[in-house]
Amino acid sequence: MKNATDPPASENDENASNTRLKIGPHSEHRSKWPWAAWALPLAGLVSLVWFLIRVIPKPSRAAYPCQRAAFPVASAFVVWLTAVVMSSLAYCKAKQLAFRGRYLAAGLSMAVAVVLAVVCWSPSITDTRADFVPSDPPNTPMGVGKGIYPGRVVWVHDPTATKWDGVTGRWWEDRNLDQQAVDRMLSHTLRSLAGEQNDAAAWDALFRYFNRNHGTGDVGYLPGEKIAIKINLNPEGYGAAYSSNGRMPSPQLIQSLLAQLFNSAQVSGSNVTIFDASRAIADPLYNRIHTNANPHFQRVRFVANTTVNGRIGAVADLAHPVHFANSSVAPANNATAYLPTCVTEAKYLIDLAQLSAHSMFGVTACGKNWFGSICWRTNANYFPWNGGWTPSPLHNFGLRNNAMATYNPIVDLLGDPQLGGKTLLFLVDGLYGSDNAITAVLRFRSFGTNWTASVLASQDPVAIDSVVVDILRNEPLMANNITGQGVDNYLHESAEAGSPPSGTFYDPASTGTRLAGLGVHEHWNNATNKSYSRNLGREEGIELIPAGGPNSDPDGDGMNNTAEYQAGTDPMDPNSTPFRSTSISRQGDDILITWATQGGTTNRVQTAPDIAGGSASSTFTNLSPVVIPRGNYLASTNYLDIGGATNVPAKYYRVRLGP
């Protein structure tokens, strides 16, 4: 029997503690909220009324995000109401027929009433869409990987970075998001992506790869070159998202990225712009950067759709129109899309997306992040919404319920020479993930009901979004949004842009030549192993580093990838482990403790008089000073306990990795 204090056994048991059970011959089950059964029908009625009031006077409003969110609820309500009415009529008819002695007809009418009643109260009315199941089998890559290491996606996970208890303060405050931990995460991510031993070498490798592939020679970053960082501030257009703990860019990760550019890549702050041309930029982010004592931080420009308190208003560059392969993308008044000058004047872009599902598109990652970079103009006038800065004309062409092998404008944006074509680095901020653009951050069940605490990076926009889709589609809390047949349609179209499944002639540069493939797409083998084709030894596909994700142990040394990251060891090398005891030997009256660990880590020898019950007790105290082995690789070190062999009674030793 389930004890009252037991945790819910399943998602459907989450409200078990909210009911009372009376034991005896007249047992009953009473809901704590007797009105709850009517909550969904009431929501459906409100959605239907709202949809009709807004759309009937102006049908084009049906494409607005709020109406697209309301329509499924309203349509489900219509189905439910129809079932209620028809069930009631069938029941009344059955009673009339039975009264007249026509029992067979009465039975048929009653059967109809029962069926309709089941439809009426079926929980399926609240979830009319099935969870997303990819159309392509696991480990069947399409397209060609991009990057120094083609198709490589780095995924660093550190639960110690995210400390919020979900109640106290805001998730983005320093007490809840550790800046030093975030700095380490980004550093490790960059070095792993470029295959270099330090941050400066990693940035140099990224810039050189970019320039070689753009025909400007084997050169790194040159002084004066401009960099624009696209962040996703979509929720900021709907209210005070930071103050309400909504899904927003992590100020700590942006600070870490800027510090990397200034200190490791030698970029001047005056040459860096952070932008989301269609949204506002809130104070928690703006103030964190501009109040930094480092002059480089103070010189960073923030470009937004307002000019409030130091923000710079986005300006459309009419010399750089965006060309969409589908002529129907433009609104009925034949508007043309343009990019902001902060993009067109930059030599390099960094695409900083977020780990989040999306109610309209299923997922919002690096591809969709470019939606906040478009301004629409009709002849001499701006499109009549948000000063022209809006992605709304694109919405119909990327919906998650659209069929596979159909046109998707994300391909045009990823292939545009001024957007995806200029992107040096694709990053995903997964420190605090969410299930939608305008909802609060939440703990993922697939992360042990913890914060996602992740940073992902790649030079391949298709590969990194493919990994994001796999992470989100395997999270139960995303089920209401990661649905529909077309969630990864844009990844298929992007990977095979030269000959896409839809047959679309993608040519965002208007050269008359088809766009080449933009990267490699595939899905991992399963949610446990998280292996992609290159992890399995194949020549093409995605390579997830470290292999298998946070909880995997690809080198078989007994330490999972997260533990190895935190220890500074190589999760792909079985000889690189956070700690390995070598020997404890007597030397006269002394005891020599020898161990192997990663160079540069902090170690202490501790001792205890006893180990209660065969496990470590709280009686361990520091014996040695801090011991830091030299080098960046596995190193052997030791500590001599003077007089240790004369201790009575015997004592226990351990080596602790950490402060």
# chains A, B, ... in the order shown; residues from 1 in each chain; ligands from 1
>>> residues_around(residues="Asn379 in chain A", least_positions_apart="5", cutoff="12 Å", atoms="only C-alpha atoms", output="PDB file with N, CA and C atoms, in the first residue's frame")
ATOM      1  N   LEU A 318      19.292  49.022 -45.382  1.00  0.00           N
ATOM      2  CA  LEU A 318      18.504  48.800 -46.593  1.00  0.00           C
ATOM      3  C   LEU A 318      19.353  48.296 -47.763  1.00  0.00           C
ATOM      4  N   ASN A 333       1.293  42.830 -48.129  1.00  0.00           N
ATOM      5  CA  ASN A 333       1.651  44.145 -48.674  1.00  0.00           C
ATOM      6  C   ASN A 333       3.069  44.161 -49.248  1.00  0.00           C
ATOM      7  N   ASN A 334       3.603  42.962 -49.551  1.00  0.00           N
ATOM      8  CA  ASN A 334       4.889  42.846 -50.249  1.00  0.00           C
ATOM      9  C   ASN A 334       6.038  43.521 -49.512  1.00  0.00           C
ATOM     10  N   ALA A 335       6.145  43.239 -48.243  1.00  0.00           N
ATOM     11  CA  ALA A 335       7.238  43.796 -47.458  1.00  0.00           C
ATOM     12  C   ALA A 335       8.538  43.058 -47.755  1.00  0.00           C
ATOM     13  N   THR A 336       9.650  43.729 -47.543  1.00  0.00           N
ATOM     14  CA  THR A 336      10.982  43.149 -47.693  1.00  0.00           C
ATOM     15  C   THR A 336      11.668  43.158 -46.339  1.00  0.00           C
ATOM     16  N   ALA A 337      12.419  42.083 -46.042  1.00  0.00           N
ATOM     17  CA  ALA A 337      13.131  41.984 -44.769  1.00  0.00           C
ATOM     18  C   ALA A 337      14.546  42.513 -44.908  1.00  0.00           C
TER      19      ALA A 337
END
>>> residues_around(residues="Arg586 in chain A", least_positions_apart="4", cutoff="12 Å", atoms="only C-alpha atoms", output="VMD selection string")
chain A and resid 590 to 594 640 to 646
>>> residues_around(residues="Ala265 in chain A", least_positions_apart="6", cutoff="9 Å", atoms="only C-alpha atoms", output="mmCIF file with N, CA, C and O atoms, in the first residue's frame")
data_model
loop_
_atom_site.group_PDB
_atom_site.id
_atom_site.type_symbol
_atom_site.label_atom_id
_atom_site.label_comp_id
_atom_site.auth_asym_id
_atom_site.auth_seq_id
_atom_site.Cartn_x
_atom_site.Cartn_y
_atom_site.Cartn_z
ATOM 1 N N ASP A 199 42.817 28.810 -23.492
ATOM 2 C CA ASP A 199 41.740 29.595 -24.090
ATOM 3 C C ASP A 199 42.221 30.429 -25.277
ATOM 4 O O ASP A 199 41.530 30.531 -26.300
ATOM 5 N N ALA A 200 43.395 31.036 -25.149
ATOM 6 C CA ALA A 200 43.899 31.876 -26.232
ATOM 7 C C ALA A 200 44.107 31.061 -27.502
ATOM 8 O O ALA A 200 43.752 31.502 -28.608
ATOM 9 N N ALA A 201 44.662 29.872 -27.358
ATOM 10 C CA ALA A 201 44.880 29.013 -28.525
ATOM 11 C C ALA A 201 43.554 28.557 -29.121
ATOM 12 O O ALA A 201 43.423 28.410 -30.342
ATOM 13 N N ALA A 202 42.558 28.332 -28.263
ATOM 14 C CA ALA A 202 41.240 27.904 -28.760
ATOM 15 C C ALA A 202 40.611 28.996 -29.622
ATOM 16 O O ALA A 202 40.099 28.733 -30.716
ATOM 17 N N TRP A 203 40.627 30.245 -29.130
ATOM 18 C CA TRP A 203 40.056 31.344 -29.917
ATOM 19 C C TRP A 203 40.821 31.546 -31.214
ATOM 20 O O TRP A 203 40.233 31.779 -32.273
ATOM 21 N N ASP A 204 42.142 31.454 -31.153
ATOM 22 C CA ASP A 204 42.932 31.632 -32.360
ATOM 23 C C ASP A 204 42.582 30.567 -33.395
ATOM 24 O O ASP A 204 42.465 30.864 -34.593
ATOM 25 N N GLY A 220 44.352 34.926 -37.649
ATOM 26 C CA GLY A 220 43.460 35.008 -36.503
ATOM 27 C C GLY A 220 42.733 36.330 -36.458
ATOM 28 O O GLY A 220 42.614 37.038 -37.467
ATOM 29 N N TYR A 221 42.270 36.685 -35.273
ATOM 30 C CA TYR A 221 41.555 37.954 -35.113
ATOM 31 C C TYR A 221 42.522 39.116 -35.276
ATOM 32 O O TYR A 221 43.641 39.103 -34.755
#
>>> closest_atom_pairs(of="range 448-538 of chain A", to="range 417-431 of chain A", cutoff="10 Å", atoms="only C-alpha atoms", output="CSV")
residue,atom,partner,partner_atom,distance
A:Trp451,CA,A:Leu431,CA,7.1
A:Thr452,CA,A:Leu431,CA,5.7
A:Ala453,CA,A:Leu431,CA,3.9
A:Ser454,CA,A:Gly430,CA,4.5
A:Val455,CA,A:Gly430,CA,5.3
A:Leu456,CA,A:Val428,CA,5.0
A:Ala457,CA,A:Leu427,CA,4.5
A:Ser458,CA,A:Phe426,CA,5.3
A:Gln459,CA,A:Leu425,CA,5.4
A:Asp460,CA,A:Phe426,CA,7.3
A:Pro461,CA,A:Phe426,CA,6.4
A:Val462,CA,A:Phe426,CA,9.9
A:Ile464,CA,A:Phe426,CA,7.6
A:Asp465,CA,A:Val428,CA,8.9
A:Val468,CA,A:Val428,CA,8.5
A:Pro508,CA,A:Pro417,CA,7.6
A:Ala509,CA,A:Pro417,CA,6.4
A:Leu518,CA,A:Gly420,CA,9.0
